[in-house]
Amino acid sequence: MNAVASEEAGAAAAAAAVTLEELRKKMADFARERDWEQYHSPRNLLLALVGEVGELSEIFQWKGEVPKGLPGWEERETEHLGEELADVLLYLVRLSDMCGVDLGKAALRKIDLNARKYPAGPGCRPSKKGAHCSDDTGDRPDDCGDVVAAVHTNEIKKEHAS
């Protein structure tokens, strides 16, 4: 392995092991070194994030449904996608920092909340509208989570009104 390949392999390994905290620190340093902190209000960062999501969306705009792994994409397209994904991530990390939100903890908490809201099981399946679950008989699909709770709450209200 030559020196360039070794350096690239090291950079790839470092990138694979990056943490949100490392990104937060690098973004804070980056802004401070350029005296950009004055512009990094939550509102400004959110608007910049939305702009970057728009740029990310443009990549997919006319491609139709794109299969996992992006078969048929050229290397330059995949590289551009990576750059736009990185922009979104970096603005999100910076926004969470400026709002005092620990993004890693918030994400883990959200995954836990979603796991309770949409429990895994043989009766649940994804659909275009959202997750659907079968009732105990397996006959009737209902939306999982809040929709199921609302239906059952309405049924209880009807029973008590009668």
# chains A, B, ... in the order shown; residues from 1 in each chain; ligands from 1
call {"tool": "closest_atom_pairs", "arguments": {"of": "range 17-95 of chain A", "to": "range 107-119 of chain A", "cutoff": "12 Å", "atoms": "only C-alpha atoms", "output": "CSV"}}
result
residue,atom,partner,partner_atom,distance
A:Leu20,CA,A:Ala107,CA,11.0
A:Leu92,CA,A:Ala107,CA,12.0
A:Val93,CA,A:Ala107,CA,11.7
call {"tool": "closest_residue", "arguments": {"among": "A:Glu22, A:Glu75, A:Glu37, A:Glu65", "to": "Leu95 in chain A", "atoms": "only C-alpha atoms"}}
result
A:Glu37
call {"tool": "closest_residue", "arguments": {"among": "A:Thr78, A:Leu103, A:Ala16, A:Gln61", "to": "Tyr91 in chain A", "atoms": "only C-alpha atoms"}}
result
A:Leu103
call {"tool": "closest_residue", "arguments": {"among": "A:Pro122, A:Val66, A:Val18, A:Glu84", "to": "Val50 in chain A", "atoms": "only C-alpha atoms"}}
result
A:Glu84
call {"tool": "closest_residue", "arguments": {"among": "A:Gly54, A:Gly123, A:Gly69, A:Pro42", "to": "Gly100 in chain A", "atoms": "only C-alpha atoms"}}
result
A:Pro42
call {"tool": "closest_residue", "arguments": {"among": "A:Glu74, A:Glu79, A:Asp97, A:Glu58", "to": "Lys26 in chain A", "atoms": "only C-alpha atoms"}}
result
A:Asp97
call {"tool": "residues_around", "arguments": {"residues": "Ser57 in chain A", "least_positions_apart": "5", "cutoff": "10 Å", "atoms": "only C-alpha atoms", "output": "PDB file with N, CA and C atoms, in the first residue's frame"}}
result
ATOM      1  N   GLY A  51     -32.666  24.937   3.367  1.00  0.00           N
ATOM      2  CA  GLY A  51     -32.071  25.135   2.043  1.00  0.00           C
ATOM      3  C   GLY A  51     -31.262  23.936   1.603  1.00  0.00           C
ATOM      4  N   GLU A  52     -30.503  23.368   2.527  1.00  0.00           N
ATOM      5  CA  GLU A  52     -29.692  22.189   2.196  1.00  0.00           C
ATOM      6  C   GLU A  52     -30.565  20.969   1.930  1.00  0.00           C
ATOM      7  N   TRP A  62     -35.961  14.113 -10.262  1.00  0.00           N
ATOM      8  CA  TRP A  62     -36.445  13.522 -11.513  1.00  0.00           C
ATOM      9  C   TRP A  62     -35.979  12.089 -11.705  1.00  0.00           C
ATOM     10  N   LEU A  81     -24.259  13.503  -3.727  1.00  0.00           N
ATOM     11  CA  LEU A  81     -25.236  13.109  -2.712  1.00  0.00           C
ATOM     12  C   LEU A  81     -24.594  13.127  -1.328  1.00  0.00           C
ATOM     13  N   GLU A  84     -24.209  16.696  -0.054  1.00  0.00           N
ATOM     14  CA  GLU A  84     -25.466  17.308   0.389  1.00  0.00           C
ATOM     15  C   GLU A  84     -25.965  16.669   1.694  1.00  0.00           C
TER      16      GLU A  84
END
call {"tool": "select_by_dssp", "arguments": {"residues": "range 10-141 of chain A", "states": "helix (DSSP H, G or I)", "output": "VMD selection string"}}
result
chain A and resid 10 to 16 20 to 33 37 to 39 42 to 60 75 to 98 103 to 117
call {"tool": "decode", "arguments": {"residues": "range 5-139 of chain A", "atoms": "C-alpha atoms", "output": "PDB file, in the first residue's frame"}}
result
ATOM      1  CA  ALA A   5      -3.656   4.843  -0.192  1.00  0.00           C
ATOM      2  CA  SER A   6      -2.618   4.422   3.437  1.00  0.00           C
ATOM      3  CA  GLU A   7      -3.603   8.009   4.230  1.00  0.00           C
ATOM      4  CA  GLU A   8      -6.958   7.565   2.448  1.00  0.00           C
ATOM      5  CA  ALA A   9      -7.601   4.336   4.361  1.00  0.00           C
ATOM      6  CA  GLY A  10      -6.807   6.108   7.635  1.00  0.00           C
ATOM      7  CA  ALA A  11      -9.111   8.990   6.760  1.00  0.00           C
ATOM      8  CA  ALA A  12     -11.880   6.559   5.837  1.00  0.00           C
ATOM      9  CA  ALA A  13     -11.472   4.693   9.139  1.00  0.00           C
ATOM     10  CA  ALA A  14     -11.531   7.978  11.084  1.00  0.00           C
ATOM     11  CA  ALA A  15     -14.634   9.122   9.205  1.00  0.00           C
ATOM     12  CA  ALA A  16     -16.407   5.840   9.927  1.00  0.00           C
ATOM     13  CA  ALA A  17     -15.806   6.275  13.641  1.00  0.00           C
ATOM     14  CA  VAL A  18     -16.807   9.949  13.899  1.00  0.00           C
ATOM     15  CA  THR A  19     -19.170  10.895  16.728  1.00  0.00           C
ATOM     16  CA  LEU A  20     -21.798  13.610  16.929  1.00  0.00           C
ATOM     17  CA  GLU A  21     -19.710  15.236  19.665  1.00  0.00           C
ATOM     18  CA  GLU A  22     -16.678  15.412  17.348  1.00  0.00           C
ATOM     19  CA  LEU A  23     -18.820  16.986  14.639  1.00  0.00           C
ATOM     20  CA  ARG A  24     -20.283  19.441  17.166  1.00  0.00           C
ATOM     21  CA  LYS A  25     -16.808  20.526  18.273  1.00  0.00           C
ATOM     22  CA  LYS A  26     -15.510  20.829  14.711  1.00  0.00           C
ATOM     23  CA  MET A  27     -18.516  22.927  13.685  1.00  0.00           C
ATOM     24  CA  ALA A  28     -18.133  25.170  16.748  1.00  0.00           C
ATOM     25  CA  ASP A  29     -14.421  25.646  15.999  1.00  0.00           C
ATOM     26  CA  PHE A  30     -15.133  26.256  12.312  1.00  0.00           C
ATOM     27  CA  ALA A  31     -17.675  28.993  13.116  1.00  0.00           C
ATOM     28  CA  ARG A  32     -15.493  30.574  15.813  1.00  0.00           C
ATOM     29  CA  GLU A  33     -12.389  30.683  13.564  1.00  0.00           C
ATOM     30  CA  ARG A  34     -14.361  32.600  10.929  1.00  0.00           C
ATOM     31  CA  ASP A  35     -16.255  34.799  13.389  1.00  0.00           C
ATOM     32  CA  TRP A  36     -19.523  33.312  12.134  1.00  0.00           C
ATOM     33  CA  GLU A  37     -21.022  32.637  15.580  1.00  0.00           C
ATOM     34  CA  GLN A  38     -22.875  35.956  15.339  1.00  0.00           C
ATOM     35  CA  TYR A  39     -24.835  34.549  12.378  1.00  0.00           C
ATOM     36  CA  HIS A  40     -25.574  31.152  13.889  1.00  0.00           C
ATOM     37  CA  SER A  41     -28.886  31.862  15.578  1.00  0.00           C
ATOM     38  CA  PRO A  42     -31.311  28.924  15.705  1.00  0.00           C
ATOM     39  CA  ARG A  43     -33.538  30.596  13.108  1.00  0.00           C
ATOM     40  CA  ASN A  44     -30.691  31.230  10.664  1.00  0.00           C
ATOM     41  CA  LEU A  45     -29.351  27.708  11.075  1.00  0.00           C
ATOM     42  CA  LEU A  46     -32.808  26.213  10.557  1.00  0.00           C
ATOM     43  CA  LEU A  47     -33.308  28.207   7.363  1.00  0.00           C
ATOM     44  CA  ALA A  48     -29.880  27.119   6.113  1.00  0.00           C
ATOM     45  CA  LEU A  49     -30.774  23.512   6.978  1.00  0.00           C
ATOM     46  CA  VAL A  50     -34.025  23.764   5.011  1.00  0.00           C
ATOM     47  CA  GLY A  51     -32.071  25.135   2.043  1.00  0.00           C
ATOM     48  CA  GLU A  52     -29.692  22.189   2.196  1.00  0.00           C
ATOM     49  CA  VAL A  53     -32.595  19.733   2.394  1.00  0.00           C
ATOM     50  CA  GLY A  54     -33.885  21.405  -0.776  1.00  0.00           C
ATOM     51  CA  GLU A  55     -30.533  20.845  -2.480  1.00  0.00           C
ATOM     52  CA  LEU A  56     -30.602  17.215  -1.337  1.00  0.00           C
ATOM     53  CA  SER A  57     -34.127  16.842  -2.729  1.00  0.00           C
ATOM     54  CA  GLU A  58     -33.043  18.188  -6.110  1.00  0.00           C
ATOM     55  CA  ILE A  59     -30.716  15.217  -6.533  1.00  0.00           C
ATOM     56  CA  PHE A  60     -33.686  12.841  -6.432  1.00  0.00           C
ATOM     57  CA  GLN A  61     -36.240  15.141  -8.073  1.00  0.00           C
ATOM     58  CA  TRP A  62     -36.445  13.522 -11.513  1.00  0.00           C
ATOM     59  CA  LYS A  63     -35.061  10.081 -10.766  1.00  0.00           C
ATOM     60  CA  GLY A  64     -38.315   8.317  -9.869  1.00  0.00           C
ATOM     61  CA  GLU A  65     -38.081   5.594  -7.250  1.00  0.00           C
ATOM     62  CA  VAL A  66     -34.414   4.948  -6.451  1.00  0.00           C
ATOM     63  CA  PRO A  67     -33.452   1.451  -5.258  1.00  0.00           C
ATOM     64  CA  LYS A  68     -31.227   0.865  -2.259  1.00  0.00           C
ATOM     65  CA  GLY A  69     -27.543   1.101  -3.076  1.00  0.00           C
ATOM     66  CA  LEU A  70     -28.179   3.541  -5.957  1.00  0.00           C
ATOM     67  CA  PRO A  71     -27.440   1.091  -8.798  1.00  0.00           C
ATOM     68  CA  GLY A  72     -26.629   2.838 -12.035  1.00  0.00           C
ATOM     69  CA  TRP A  73     -25.576   6.088 -10.405  1.00  0.00           C
ATOM     70  CA  GLU A  74     -22.312   7.586 -11.548  1.00  0.00           C
ATOM     71  CA  GLU A  75     -19.545   8.170  -9.006  1.00  0.00           C
ATOM     72  CA  ARG A  76     -19.909  11.951  -9.297  1.00  0.00           C
ATOM     73  CA  GLU A  77     -23.642  11.673  -8.484  1.00  0.00           C
ATOM     74  CA  THR A  78     -22.972   9.583  -5.389  1.00  0.00           C
ATOM     75  CA  GLU A  79     -20.235  11.979  -4.306  1.00  0.00           C
ATOM     76  CA  HIS A  80     -22.588  14.951  -4.744  1.00  0.00           C
ATOM     77  CA  LEU A  81     -25.236  13.109  -2.712  1.00  0.00           C
ATOM     78  CA  GLY A  82     -22.687  12.563   0.065  1.00  0.00           C
ATOM     79  CA  GLU A  83     -21.823  16.268   0.084  1.00  0.00           C
ATOM     80  CA  GLU A  84     -25.466  17.308   0.389  1.00  0.00           C
ATOM     81  CA  LEU A  85     -26.162  14.701   3.091  1.00  0.00           C
ATOM     82  CA  ALA A  86     -23.130  16.027   4.961  1.00  0.00           C
ATOM     83  CA  ASP A  87     -24.406  19.613   4.669  1.00  0.00           C
ATOM     84  CA  VAL A  88     -27.740  18.565   6.172  1.00  0.00           C
ATOM     85  CA  LEU A  89     -26.046  16.656   8.981  1.00  0.00           C
ATOM     86  CA  LEU A  90     -23.635  19.466   9.804  1.00  0.00           C
ATOM     87  CA  TYR A  91     -26.351  22.122   9.935  1.00  0.00           C
ATOM     88  CA  LEU A  92     -28.490  19.807  12.083  1.00  0.00           C
ATOM     89  CA  VAL A  93     -25.591  19.230  14.489  1.00  0.00           C
ATOM     90  CA  ARG A  94     -24.870  22.965  14.666  1.00  0.00           C
ATOM     91  CA  LEU A  95     -28.560  23.807  15.173  1.00  0.00           C
ATOM     92  CA  SER A  96     -28.892  21.289  17.998  1.00  0.00           C
ATOM     93  CA  ASP A  97     -25.764  22.734  19.621  1.00  0.00           C
ATOM     94  CA  MET A  98     -27.088  26.298  19.418  1.00  0.00           C
ATOM     95  CA  CYS A  99     -30.385  25.117  20.931  1.00  0.00           C
ATOM     96  CA  GLY A 100     -28.656  23.229  23.758  1.00  0.00           C
ATOM     97  CA  VAL A 101     -30.044  19.858  22.619  1.00  0.00           C
ATOM     98  CA  ASP A 102     -27.900  16.740  22.905  1.00  0.00           C
ATOM     99  CA  LEU A 103     -28.720  15.344  19.477  1.00  0.00           C
ATOM    100  CA  GLY A 104     -27.467  11.834  20.209  1.00  0.00           C
ATOM    101  CA  LYS A 105     -29.558  11.521  23.361  1.00  0.00           C
ATOM    102  CA  ALA A 106     -32.578  13.064  21.641  1.00  0.00           C
ATOM    103  CA  ALA A 107     -32.274  10.613  18.730  1.00  0.00           C
ATOM    104  CA  LEU A 108     -31.997   7.593  21.042  1.00  0.00           C
ATOM    105  CA  ARG A 109     -34.983   8.828  23.049  1.00  0.00           C
ATOM    106  CA  LYS A 110     -36.993   9.272  19.849  1.00  0.00           C
ATOM    107  CA  ILE A 111     -36.146   5.741  18.686  1.00  0.00           C
ATOM    108  CA  ASP A 112     -37.347   4.430  22.044  1.00  0.00           C
ATOM    109  CA  LEU A 113     -40.577   6.463  21.823  1.00  0.00           C
ATOM    110  CA  ASN A 114     -41.191   5.208  18.284  1.00  0.00           C
ATOM    111  CA  ALA A 115     -40.558   1.616  19.379  1.00  0.00           C
ATOM    112  CA  ARG A 116     -43.297   1.974  21.994  1.00  0.00           C
ATOM    113  CA  LYS A 117     -45.614   3.831  19.631  1.00  0.00           C
ATOM    114  CA  TYR A 118     -45.108   1.340  16.793  1.00  0.00           C
ATOM    115  CA  PRO A 119     -44.352  -2.031  18.404  1.00  0.00           C
ATOM    116  CA  ALA A 120     -42.765  -4.697  16.253  1.00  0.00           C
ATOM    117  CA  GLY A 121     -44.695  -7.844  15.654  1.00  0.00           C
ATOM    118  CA  PRO A 122     -46.004 -10.196  13.044  1.00  0.00           C
ATOM    119  CA  GLY A 123     -49.194  -8.156  12.610  1.00  0.00           C
ATOM    120  CA  CYS A 124     -47.479  -4.883  11.707  1.00  0.00           C
ATOM    121  CA  ARG A 125     -46.487  -4.002   8.186  1.00  0.00           C
ATOM    122  CA  PRO A 126     -45.492  -0.784   6.422  1.00  0.00           C
ATOM    123  CA  SER A 127     -47.763   0.861   3.879  1.00  0.00           C
ATOM    124  CA  LYS A 128     -47.842   4.091   1.907  1.00  0.00           C
ATOM    125  CA  LYS A 129     -50.090   5.621   4.558  1.00  0.00           C
ATOM    126  CA  GLY A 130     -48.062   4.420   7.560  1.00  0.00           C
ATOM    127  CA  ALA A 131     -47.671   1.315   9.682  1.00  0.00           C
ATOM    128  CA  HIS A 132     -50.689  -0.989   9.828  1.00  0.00           C
ATOM    129  CA  CYS A 133     -51.398  -3.656  12.421  1.00  0.00           C
ATOM    130  CA  SER A 134     -53.925  -6.430  12.597  1.00  0.00           C
ATOM    131  CA  ASP A 135     -56.215  -6.769  15.563  1.00  0.00           C
ATOM    132  CA  ASP A 136     -56.185  -9.899  17.724  1.00  0.00           C
ATOM    133  CA  THR A 137     -58.037 -11.894  15.063  1.00  0.00           C
ATOM    134  CA  GLY A 138     -55.629 -10.863  12.332  1.00  0.00           C
ATOM    135  CA  ASP A 139     -58.595  -9.832  10.168  1.00  0.00           C
TER     136      ASP A 139
END
